[in-house]
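**Student:** Dropping in run_1.cif, with mmCIF, C-alpha atoms.
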data_work
#
loop_
_atom_site.label_atom_id
_atom_site.label_comp_id
_atom_site.auth_asym_id
_atom_site.auth_seq_id
_atom_site.Cartn_x
_atom_site.Cartn_y
_atom_site.Cartn_z
CA MET D 52 0.00 0.00 0.00
CA GLU D 53 1.25 3.47 -0.88
CA THR D 54 0.92 5.91 2.01
CA LYS D 55 0.02 9.39 0.78
CA THR D 56 1.20 12.50 2.59
CA LEU D 57 -1.52 15.15 2.60
CA ASN D 58 -1.12 18.80 3.58
CA ASN D 59 -3.50 20.84 5.70
CA SER D 60 -5.42 22.42 2.80
CA THR D 61 -9.20 22.20 2.57
CA LYS D 62 -8.96 19.88 -0.43
CA ALA D 63 -6.51 17.56 1.37
CA ILE D 64 -8.75 17.42 4.44
CA GLU D 65 -11.67 16.42 2.21
CA VAL D 66 -9.55 13.62 0.72
CA ALA D 67 -8.65 12.39 4.21
CA ALA D 68 -12.32 12.44 5.28
CA LYS D 69 -13.34 10.37 2.24
CA LEU D 70 -10.62 7.83 3.00
CA LEU D 71 -12.00 7.47 6.53
CA GLN D 72 -15.52 7.04 5.16
CA SER D 73 -14.29 4.26 2.89
CA GLY D 74 -12.79 2.30 5.79
CA GLU D 75 -9.16 3.33 5.40
CA VAL D 76 -6.69 4.35 8.12
CA VAL D 77 -5.42 7.96 8.14
CA ALA D 78 -2.82 9.44 10.50
CA PHE D 79 -3.78 12.87 11.81
CA PRO D 80 -2.24 15.70 13.86
CA THR D 81 -3.32 16.76 17.33
CA GLU D 82 -1.82 19.21 19.83
CA THR D 83 -0.33 16.26 21.76
CA VAL D 84 0.97 13.60 19.34
CA TYR D 85 -0.04 12.30 15.90
CA GLY D 86 -2.94 9.83 15.98
CA LEU D 87 -4.00 6.89 13.85
CA GLY D 88 -7.57 7.38 12.69
CA ALA D 89 -10.26 5.00 11.44
CA ASP D 90 -14.07 5.01 11.51
CA ALA D 91 -14.92 3.96 15.07
CA THR D 92 -18.26 2.52 13.88
CA ASN D 93 -16.61 0.22 11.30
CA ASP D 94 -15.10 -2.93 12.85
CA GLU D 95 -13.09 -3.79 9.75
CA ALA D 96 -11.53 -0.32 9.73
CA VAL D 97 -10.74 -0.54 13.46
CA LYS D 98 -9.06 -3.92 12.94
CA LYS D 99 -6.69 -2.25 10.43
CA VAL D 100 -5.49 0.08 13.20
CA PHE D 101 -4.58 -2.84 15.47
CA VAL D 102 -2.71 -4.51 12.59
CA ALA D 103 -0.82 -1.35 11.60
CA LYS D 104 0.31 -0.68 15.18
CA GLY D 105 0.82 -4.30 16.25
CA ARG D 106 -1.38 -3.41 19.21
CA PRO D 107 -2.89 -5.96 21.66
CA SER D 108 -6.63 -6.30 21.07
CA ASP D 109 -7.53 -5.77 24.76
CA ASN D 110 -5.88 -2.34 24.80
CA PRO D 111 -8.79 0.12 24.37
CA LEU D 112 -8.77 2.85 21.75
CA ILE D 113 -9.68 6.49 22.33
CA MET D 114 -12.75 7.63 20.40
CA THR D 115 -11.98 11.04 18.89
CA VAL D 116 -14.57 13.56 17.73
CA GLY D 117 -14.71 16.89 15.93
CA ALA D 118 -17.71 18.15 17.91
CA ILE D 119 -19.41 17.11 21.15
CA GLU D 120 -22.58 16.34 19.19
CA GLN D 121 -20.79 13.39 17.57
CA LEU D 122 -20.58 11.68 20.98
CA GLN D 123 -24.22 11.81 21.98
CA PRO D 124 -25.36 8.60 20.19
CA TYR D 125 -22.58 6.56 21.76
CA VAL D 126 -21.86 7.53 25.39
CA GLU D 127 -23.68 8.86 28.45
CA LEU D 128 -22.69 12.50 28.90
CA THR D 129 -22.69 12.94 32.68
CA ALA D 130 -22.87 16.30 34.45
CA GLN D 131 -19.19 16.05 35.42
CA ALA D 132 -18.24 15.24 31.83
CA LYS D 133 -20.07 18.30 30.55
CA GLU D 134 -18.27 20.50 33.11
CA LEU D 135 -14.86 19.20 31.99
CA MET D 136 -15.70 19.45 28.29
CA THR D 137 -16.80 23.08 28.73
CA VAL D 138 -13.41 24.01 30.21
CA PHE D 139 -10.89 21.67 28.58
CA TRP D 140 -12.32 20.80 25.15
CA PRO D 141 -11.03 21.04 22.58
CA GLY D 142 -7.79 20.07 24.27
CA SER D 143 -5.57 17.53 25.98
CA LEU D 144 -8.12 15.70 28.11
CA THR D 145 -9.56 12.23 27.49
CA ILE D 146 -12.66 11.29 29.50
CA ILE D 147 -13.85 7.73 30.23
CA LEU D 148 -17.64 7.46 30.17
CA PRO D 149 -20.30 4.72 30.15
CA ILE D 150 -21.29 3.61 26.66
CA LYS D 151 -24.89 3.39 25.48
CA THR D 152 -25.91 -0.25 25.14
CA GLY D 153 -24.90 -1.75 21.81
CA MET D 154 -23.69 1.57 20.37
CA VAL D 155 -19.88 1.21 20.55
CA SER D 156 -17.82 -1.62 19.09
CA MET D 157 -16.17 -3.88 21.66
CA LEU D 158 -13.03 -3.58 19.52
CA VAL D 159 -12.91 0.09 20.52
CA THR D 160 -13.61 -0.44 24.22
CA GLY D 161 -11.47 -3.55 24.71
CA GLY D 162 -14.65 -5.41 25.67
CA LEU D 163 -15.58 -2.96 28.44
CA GLU D 164 -18.82 -1.04 28.91
CA THR D 165 -16.88 2.22 28.98
CA ALA D 166 -15.24 4.32 26.28
CA ALA D 167 -12.42 6.87 26.36
CA VAL D 168 -13.40 10.00 24.40
CA ARG D 169 -11.55 13.14 23.36
CA MET D 170 -11.81 16.23 21.14
CA PRO D 171 -8.34 17.48 20.09
CA ALA D 172 -7.42 21.14 19.79
CA ASN D 173 -6.09 20.78 16.23
CA GLN D 174 -8.53 22.53 13.86
CA VAL D 175 -7.47 20.48 10.81
CA THR D 176 -8.30 17.22 12.54
CA ARG D 177 -11.62 18.45 13.94
CA GLN D 178 -12.65 19.56 10.45
CA MET D 179 -11.62 16.17 9.01
CA ILE D 180 -13.70 14.26 11.59
CA ARG D 181 -16.74 16.48 11.08
CA LEU D 182 -16.51 15.94 7.31
CA ALA D 183 -16.16 12.17 7.81
CA GLY D 184 -19.40 12.31 9.80
CA VAL D 185 -18.37 9.68 12.36
CA PRO D 186 -16.18 9.53 15.45
CA ILE D 187 -12.78 7.96 14.78
CA VAL D 188 -10.43 5.90 16.89
CA GLY D 189 -7.25 7.81 17.67
CA PRO D 190 -4.33 5.91 19.24
CA SER D 191 -0.85 7.34 18.72
CA ALA D 192 0.40 6.73 15.18
CA ASN D 193 3.45 4.66 16.08
CA THR D 194 4.41 1.01 16.32
CA SER D 195 2.92 -0.23 19.60
CA GLY D 196 5.27 0.27 22.55
CA LYS D 197 7.60 2.73 20.81
CA PRO D 198 7.97 6.50 21.43
CA SER D 199 4.95 8.42 20.23
CA PRO D 200 5.19 10.48 17.01
CA THR D 201 5.28 14.27 17.22
CA THR D 202 5.86 14.92 13.48
CA ALA D 203 4.50 13.48 10.22
CA ALA D 204 8.03 12.18 9.51
CA HIS D 205 7.85 10.07 12.70
CA VAL D 206 4.56 8.60 11.49
CA LYS D 207 6.00 7.83 8.07
CA HIS D 208 8.96 6.06 9.70
CA ASP D 209 6.61 3.61 11.47
CA MET D 210 3.57 3.49 9.20
CA ALA D 211 4.72 3.84 5.58
CA GLY D 212 3.02 1.13 3.51
CA LYS D 213 0.67 0.21 6.37
CA ILE D 214 -1.92 3.01 6.19
CA ALA D 215 -3.61 5.02 3.44
CA ALA D 216 -2.49 8.56 4.29
CA ILE D 217 -0.83 10.97 6.72
CA VAL D 218 -2.18 14.50 7.21
CA ASP D 219 0.83 16.75 7.88
CA ASP D 220 0.14 19.85 9.96
CA GLY D 221 3.64 20.32 11.33
CA PRO D 222 5.09 19.37 14.74
CA THR D 223 2.77 18.92 17.71
CA GLN D 224 2.89 21.45 20.54
CA VAL D 225 2.35 19.50 23.77
CA GLY D 226 4.39 16.41 22.87
CA VAL D 227 2.93 13.98 25.42
CA GLU D 228 -0.45 12.25 25.23
CA SER D 229 -3.58 13.65 26.82
CA THR D 230 -4.56 13.27 30.46
CA VAL D 231 -7.06 10.42 30.91
CA VAL D 232 -9.67 10.80 33.66
CA ASP D 233 -12.13 8.03 34.53
CA LEU D 234 -15.60 9.37 35.41
CA THR D 235 -17.08 5.88 35.80
CA ALA D 236 -15.18 5.22 39.05
CA LYS D 237 -16.58 6.11 42.51
CA ARG D 238 -14.50 9.28 42.38
CA PRO D 239 -12.92 10.91 39.33
CA THR D 240 -9.62 9.08 38.79
CA ILE D 241 -6.61 9.97 36.64
CA LEU D 242 -5.38 6.90 34.73
CA ARG D 243 -2.78 8.72 32.60
CA THR D 244 -1.07 12.03 33.30
CA GLY D 245 -0.89 14.79 30.69
CA ALA D 246 -1.07 18.55 30.28
CA VAL D 247 -4.30 18.81 32.30
CA SER D 248 -3.24 18.33 35.91
CA GLN D 249 -4.95 16.87 38.96
CA GLY D 250 -5.31 20.39 40.35
CA ASP D 251 -6.87 21.61 37.10
CA LEU D 252 -9.52 18.88 37.29
CA GLU D 253 -10.26 19.43 40.97
CA GLN D 254 -10.70 23.16 40.41
CA VAL D 255 -13.43 22.52 37.84
CA LEU D 256 -15.16 19.54 39.48
CA LYS D 257 -14.96 20.98 43.01
CA THR D 258 -14.20 17.52 44.37
CA GLU D 259 -11.21 15.29 45.07
CA VAL D 260 -9.65 13.65 42.02
CA ILE D 261 -7.67 10.45 42.59
CA ASP D 262 -4.32 10.00 40.84
CA ALA D 263 -3.99 6.27 40.12
CA THR D 264 -0.98 6.51 37.81
CA SER D 265 1.47 5.27 40.43
CA GLN D 266 -0.47 2.07 41.10
CA LYS D 267 1.08 -1.26 40.15
CA ALA D 268 0.70 -2.56 36.60
CA LEU D 269 -2.36 -4.58 35.66
CA ALA D 270 -2.26 -8.35 35.76
CA ALA D 271 -2.16 -10.33 32.52
CA ASP D 272 -5.87 -11.18 32.72
CA GLN D 273 -7.03 -7.63 33.49
CA VAL D 274 -8.36 -5.34 30.76
CA PRO D 275 -7.09 -1.74 30.94
CA LYS D 276 -9.63 1.10 30.87
CA ALA D 277 -7.21 3.42 29.10
CA PRO D 278 -4.11 3.20 26.88
CA GLY D 279 -0.72 3.01 28.60
CA MET D 280 -1.88 1.14 31.70
CA LYS D 281 -0.81 -2.43 30.95
CA TYR D 282 1.67 -2.80 28.12
CA ARG D 283 5.18 -1.50 27.49
CA HIS D 284 5.02 2.04 26.12
CA TYR D 285 7.14 4.90 24.84
CA ALA D 286 10.35 2.82 24.73
CA PRO D 287 13.02 2.89 22.01
CA ASP D 288 15.15 -0.19 21.35
CA LYS D 289 18.16 1.51 22.92
CA GLU D 290 18.68 1.50 26.69
CA VAL D 291 17.27 4.63 28.33
CA VAL D 292 18.52 5.88 31.71
CA MET D 293 17.04 8.78 33.69
CA PHE D 294 19.32 11.17 35.55
CA ASP D 295 18.74 13.88 38.13
CA PRO D 296 20.30 17.24 37.13
CA LEU D 297 22.02 17.23 40.54
CA ASP D 298 24.07 14.26 39.26
CA TRP D 299 25.10 16.02 36.04
CA GLN D 300 28.76 16.46 36.99
CA ASP D 301 29.09 12.78 37.88
CA LEU D 302 27.36 11.73 34.68
CA GLN D 303 29.73 13.72 32.50
CA ARG D 304 32.66 11.77 33.95
CA VAL D 305 31.27 8.40 32.77
CA LEU D 306 29.85 9.33 29.35
CA THR D 307 31.33 7.61 26.30
CA THR D 308 30.96 8.19 22.57
CA SER D 309 28.31 5.46 22.45
CA ASP D 310 26.16 7.41 24.92
CA ALA D 311 23.72 10.21 24.08
CA VAL D 312 22.44 12.89 26.44
CA MET D 313 19.04 14.58 26.39
CA ALA D 314 18.87 17.58 28.70
CA GLU D 315 17.82 21.19 29.07
CA ASP D 316 19.97 23.87 27.49
CA ALA D 317 21.39 24.99 30.84
CA LEU D 318 23.12 21.62 31.27
CA LEU D 319 24.17 21.15 27.66
CA THR D 320 26.24 24.34 27.60
CA GLY D 321 29.10 22.27 29.00
CA ILE D 322 28.88 19.60 26.29
CA ASP D 323 31.25 19.51 23.30
CA ALA D 324 28.88 18.57 20.47
CA ARG D 325 31.78 17.26 18.39
CA LYS D 326 32.57 14.63 21.00
CA GLN D 327 29.26 13.90 22.71
CA ALA D 328 25.89 13.23 21.07
CA SER D 329 23.23 15.44 22.65
CA TRP D 330 19.63 16.55 22.17
CA SER D 331 18.22 19.78 23.57
CA LEU D 332 15.07 19.52 25.64
CA GLY D 333 14.86 23.30 25.50
CA THR D 334 14.05 25.39 28.57
CA GLY D 335 11.33 24.53 31.06
CA LEU D 336 8.76 21.77 31.48
CA GLU D 337 6.64 22.53 28.42
CA GLN D 338 9.56 22.49 25.98
CA ALA D 339 11.01 19.35 27.58
CA SER D 340 7.68 17.55 27.13
CA GLU D 341 7.42 18.75 23.55
CA ASN D 342 10.92 17.50 22.69
CA LEU D 343 11.10 14.21 24.63
CA PHE D 344 9.72 11.72 22.10
CA ALA D 345 11.48 13.35 19.16
CA GLY D 346 14.85 12.94 20.88
CA LEU D 347 14.22 9.32 21.82
CA ARG D 348 13.23 8.56 18.23
CA TYR D 349 16.27 10.36 16.83
CA PHE D 350 18.83 8.45 18.89
CA ASP D 351 17.01 5.15 18.43
CA ASP D 352 17.92 5.41 14.74
CA GLN D 353 21.62 6.17 15.39
CA SER D 354 23.59 2.92 15.16
CA VAL D 355 26.57 4.31 17.12
CA ILE D 356 24.38 5.12 20.14
CA LYS D 357 23.89 2.31 22.65
CA ARG D 358 22.52 4.20 25.67
CA ILE D 359 20.43 7.39 26.08
CA TYR D 360 20.67 9.42 29.29
CA VAL D 361 17.63 11.68 29.78
CA GLU D 362 17.20 14.44 32.37
CA SER D 363 14.26 14.03 34.74
CA MET D 364 12.08 17.07 35.52
CA PRO D 365 10.40 18.54 38.60
CA ASP D 366 7.35 16.37 39.32
CA MET D 367 4.75 19.12 38.93
CA GLY D 368 2.29 20.15 36.23
CA ILE D 369 3.17 18.68 32.86
CA GLY D 370 6.49 17.62 34.38
CA LYS D 371 4.57 14.79 36.03
CA ALA D 372 3.44 13.56 32.61
CA TYR D 373 6.98 13.95 31.26
CA ASN D 374 8.44 11.87 34.12
CA ASN D 375 5.71 9.27 33.68
CA ARG D 376 6.60 8.75 30.00
CA LEU D 377 10.34 8.83 30.73
CA GLY D 378 9.90 6.30 33.54
CA LYS D 379 8.12 3.91 31.17
CA ALA D 380 10.69 4.46 28.40
CA SER D 381 13.56 3.72 30.78
CA GLY D 382 11.89 0.88 32.66
CA GLY D 383 12.70 2.85 35.82
CA ARG D 384 16.47 2.81 35.26
CA LEU D 385 18.13 5.72 37.09
CA PHE D 386 21.74 6.96 37.12
CA GLN D 387 22.64 7.03 40.81
CA GLY D 388 25.72 9.24 40.77
CA LEU D 389 29.28 8.15 41.48
CA ASP D 390 28.99 8.56 45.25
CA SER D 391 26.19 5.95 45.26
CA GLU D 392 28.12 3.29 43.36
#
Using structure tokens, write down the structure that the file contains.
**Tutor:**
Amino acid sequence: METKTLNNSTKAIEVAAKLLQSGEVVAFPTETVYGLGADATNDEAVKKVFVAKGRPSDNPLIMTVGAIEQLQPYVELTAQAKELMTVFWPGSLTIILPIKTGMVSMLVTGGLETAAVRMPANQVTRQMIRLAGVPIVGPSANTSGKPSPTTAAHVKHDMAGKIAAIVDDGPTQVGVESTVVDLTAKRPTILRTGAVSQGDLEQVLKTEVIDATSQKALAADQVPKAPGMKYRHYAPDKEVVMFDPLDWQDLQRVLTTSDAVMAEDALLTGIDARKQASWSLGTGLEQASENLFAGLRYFDDQSVIKRIYVESMPDMGIGKAYNNRLGKASGGRLFQGLDSE
């Protein structure tokens, strides 16, 4: 299959919408990462997404819409959901809601009676979904388990020949996937961290929101309610090691030419780029989150690199989401500093 690259013109968006209507898979941009879209009401189209990604069938897919009205036939819009949608949609928040009986494919929900739903901030994608006339599934457009794609080039690297088209609207802005909040639990519960924080949700809902992201991984026979809860995610083939910026001096003493470093600009000023492979995470939490996956993907393709050291961030705001993704990519491996060895 030839994978077409489409631009963000009105004509190209119409082409993408028609491909979705015909049961094809189309990669699309969001403010977080690029997604892999197919008609969520068409089981055969949804199956193509699982095949393209190599994704386990019990890993639920997010149902993505271009307007809230597209959700009404499929899920129960609770009062809390409407409050969150008013404030955070379109944007980086995925909400888990009860499905209406018989209205959502079990392929989308992973066999559960709940569905994860989202409306992205990207105008091109919202227009495409509205033209298609149906909600679409929208997992990240990468090979399952690998770092998520933040550019159309990343998508092409993983999906060329596997899907019909890629809509290119430039690099994403947030760089890590949306926050996932479960509104079917006894209390609102965060299942995946993202740009919308626990505090943000509590301020709107005026109630306690549980953060369940630090809980132990699901057992083999358990079905996850949201992506990223059960299976290996965000990991390149190369070894990834987190490091605390306080250990930067110690780390520099052990780096070799087969190591790469991903860090904020303030640390990289002491690096000789001719001798040490490095990737700038920019300045601050937002830029670090935006640049994380791109750096992991870049070094994963460099044959001379065997290990990637990545700076951890303050565990606040979007930094919590950044550390969550980095922790999964590294398998929890942490450089301890020379005094600890």
**Student:** Could you please determine the separation between CA of Pro198 in chain D and CA of Lys276 in chain D in Å, to one decimal place?
**Tutor:**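 Answer for the CA of Pro198 in chain D to CA of Lys276 in chain D separation: 20.7 Å.
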**Student:** Care to translate the PyMOL selection byres ((chain D and resi 140) around 12) into actual residues of this file, as a PyMOL selection string?
**Tutor:** chain D and resi 82+115-119+132-139+141-146+168-173+177+229+247
**Student:** Taking the file above as input, evaluate the PyMOL selection byres ((chain D and resi 200) around 8) and report the hits as a PDB file with C-alpha atoms, in the frame of the given file.
**Tutor:**
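Written file, out.pdb:
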ATOM      1  CA  VAL D  84       0.970  13.600  19.340  1.00  0.00           C
ATOM      2  CA  TYR D  85      -0.040  12.300  15.900  1.00  0.00           C
ATOM      3  CA  SER D 191      -0.850   7.340  18.720  1.00  0.00           C
ATOM      4  CA  ALA D 192       0.400   6.730  15.180  1.00  0.00           C
ATOM      5  CA  ASN D 193       3.450   4.660  16.080  1.00  0.00           C
ATOM      6  CA  PRO D 198       7.970   6.500  21.430  1.00  0.00           C
ATOM      7  CA  SER D 199       4.950   8.420  20.230  1.00  0.00           C
ATOM      8  CA  THR D 201       5.280  14.270  17.220  1.00  0.00           C
ATOM      9  CA  THR D 202       5.860  14.920  13.480  1.00  0.00           C
ATOM     10  CA  ALA D 203       4.500  13.480  10.220  1.00  0.00           C
ATOM     11  CA  HIS D 205       7.850  10.070  12.700  1.00  0.00           C
ATOM     12  CA  VAL D 206       4.560   8.600  11.490  1.00  0.00           C
ATOM     13  CA  PHE D 344       9.720  11.720  22.100  1.00  0.00           C
ATOM     14  CA  ALA D 345      11.480  13.350  19.160  1.00  0.00           C
TER      15      ALA D 345
END
**Student:** Identify all residues satisfying the PyMOL selection byres ((chain D and resi 71-79) around 6) in the given file; provide them as a PyMOL selection string.
**Tutor:** chain D and resi 68-70+80+85-90+96+183+214-218
**Student:** Excluding same-chain residues fewer than 6 positions from Leu319 in chain D, what lies within 12 Å of it counting all atoms listed in the file, as a PDB file with C-alpha atoms, keeping the file's coordinate frame?
**Tutor:**
ATOM      1  CA  PRO D 296      20.300  17.240  37.130  1.00  0.00           C
ATOM      2  CA  TRP D 299      25.100  16.020  36.040  1.00  0.00           C
ATOM      3  CA  GLN D 300      28.760  16.460  36.990  1.00  0.00           C
ATOM      4  CA  GLN D 303      29.730  13.720  32.500  1.00  0.00           C
ATOM      5  CA  ALA D 311      23.720  10.210  24.080  1.00  0.00           C
ATOM      6  CA  VAL D 312      22.440  12.890  26.440  1.00  0.00           C
ATOM      7  CA  MET D 313      19.040  14.580  26.390  1.00  0.00           C
ATOM      8  CA  GLN D 327      29.260  13.900  22.710  1.00  0.00           C
ATOM      9  CA  ALA D 328      25.890  13.230  21.070  1.00  0.00           C
ATOM     10  CA  SER D 329      23.230  15.440  22.650  1.00  0.00           C
ATOM     11  CA  TRP D 330      19.630  16.550  22.170  1.00  0.00           C
ATOM     12  CA  SER D 331      18.220  19.780  23.570  1.00  0.00           C
ATOM     13  CA  LEU D 332      15.070  19.520  25.640  1.00  0.00           C
ATOM     14  CA  GLY D 333      14.860  23.300  25.500  1.00  0.00           C
ATOM     15  CA  THR D 334      14.050  25.390  28.570  1.00  0.00           C
ATOM     16  CA  VAL D 361      17.630  11.680  29.780  1.00  0.00           C
ATOM     17  CA  GLU D 362      17.200  14.440  32.370  1.00  0.00           C
TER      18      GLU D 362
END
**Student:** Return as a Markdown table the residues of range 152-238 of chain D lying at most 12 Å from range 365-378 of chain D, together with the closest atom-to-atom pair for each and the distance in Å to one decimal, counting all atoms listed in the file, with rows in chain order and ascending residue number.
**Tutor:**
| residue | atom | partner | partner_atom | distance |
| --- | --- | --- | --- | --- |
| D:Gly196 | CA | D:Arg376 | CA | 11.4 |
| D:Lys197 | CA | D:Arg376 | CA | 11.0 |
| D:Pro198 | CA | D:Arg376 | CA | 9.0 |
| D:Ser199 | CA | D:Arg376 | CA | 9.9 |
| D:Val225 | CA | D:Ile369 | CA | 9.2 |
| D:Gly226 | CA | D:Tyr373 | CA | 9.1 |
| D:Val227 | CA | D:Tyr373 | CA | 7.1 |
| D:Glu228 | CA | D:Ala372 | CA | 8.4 |
| D:Ser229 | CA | D:Ala372 | CA | 9.1 |
| D:Thr230 | CA | D:Ala372 | CA | 8.3 |
| D:Val231 | CA | D:Ala372 | CA | 11.1 |
**Student:** Compare D:Met52, D:Ile187, D:Val126, D:Ile64 by their minimum atom-to-atom distance to Ile113 in chain D, counting all atoms listed in the file, and give me the closest one.
**Tutor:**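 Of all the options, D:Ile187 lies closest to Ile113 in chain D.
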**Student:** Quick one: pull the distance between CA of Gln224 in chain D and CA of Leu112 in chain D, Å, one decimal.
**Tutor:**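 The value is 22.0 Å.
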**Student:** Padding 5 Å on every side, please: axis-aligned box over the listed atoms of range 201-216 of chain D, centre and edge lengths to one decimal in Å, as lines of an AutoDock Vina configuration file.
**Tutor:**
center_x = 2.7
center_y = 7.6
center_z = 10.3
size_x = 22.6
size_y = 24.7
size_z = 23.8
**Student:** Return the single residue from D:Ser108, D:Gln123, D:Thr92, D:Thr61 that is closest to Gln178 in chain D, with distances computed using all atoms listed in the file.
**Tutor:**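 The answer is D:Thr61, which sits nearest to Gln178 in chain D.
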**Student:** May I have the residues at most 12 Å from (27.8, 9.6, 35.1) in the file's coordinates, counting all atoms listed in the file, as a PyMOL selection string?
**Tutor:** chain D and resi 292-307+310-312+359-362+385-392
**Student:** Which is closer to Leu128 in chain D than all the others in D:Ser354, D:Gln254, D:Thr235, D:Ser195, using all atoms listed in the file?
**Tutor:**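 Answer, going by the shortest atom-to-atom distance: D:Thr235.
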**Student:** May I ask for the distance between CA of Asp94 in chain D and CA of Ser156 in chain D, given in Å to one decimal place?
**Tutor:**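 Separation between CA of Asp94 in chain D and CA of Ser156 in chain D: 6.9 Å.
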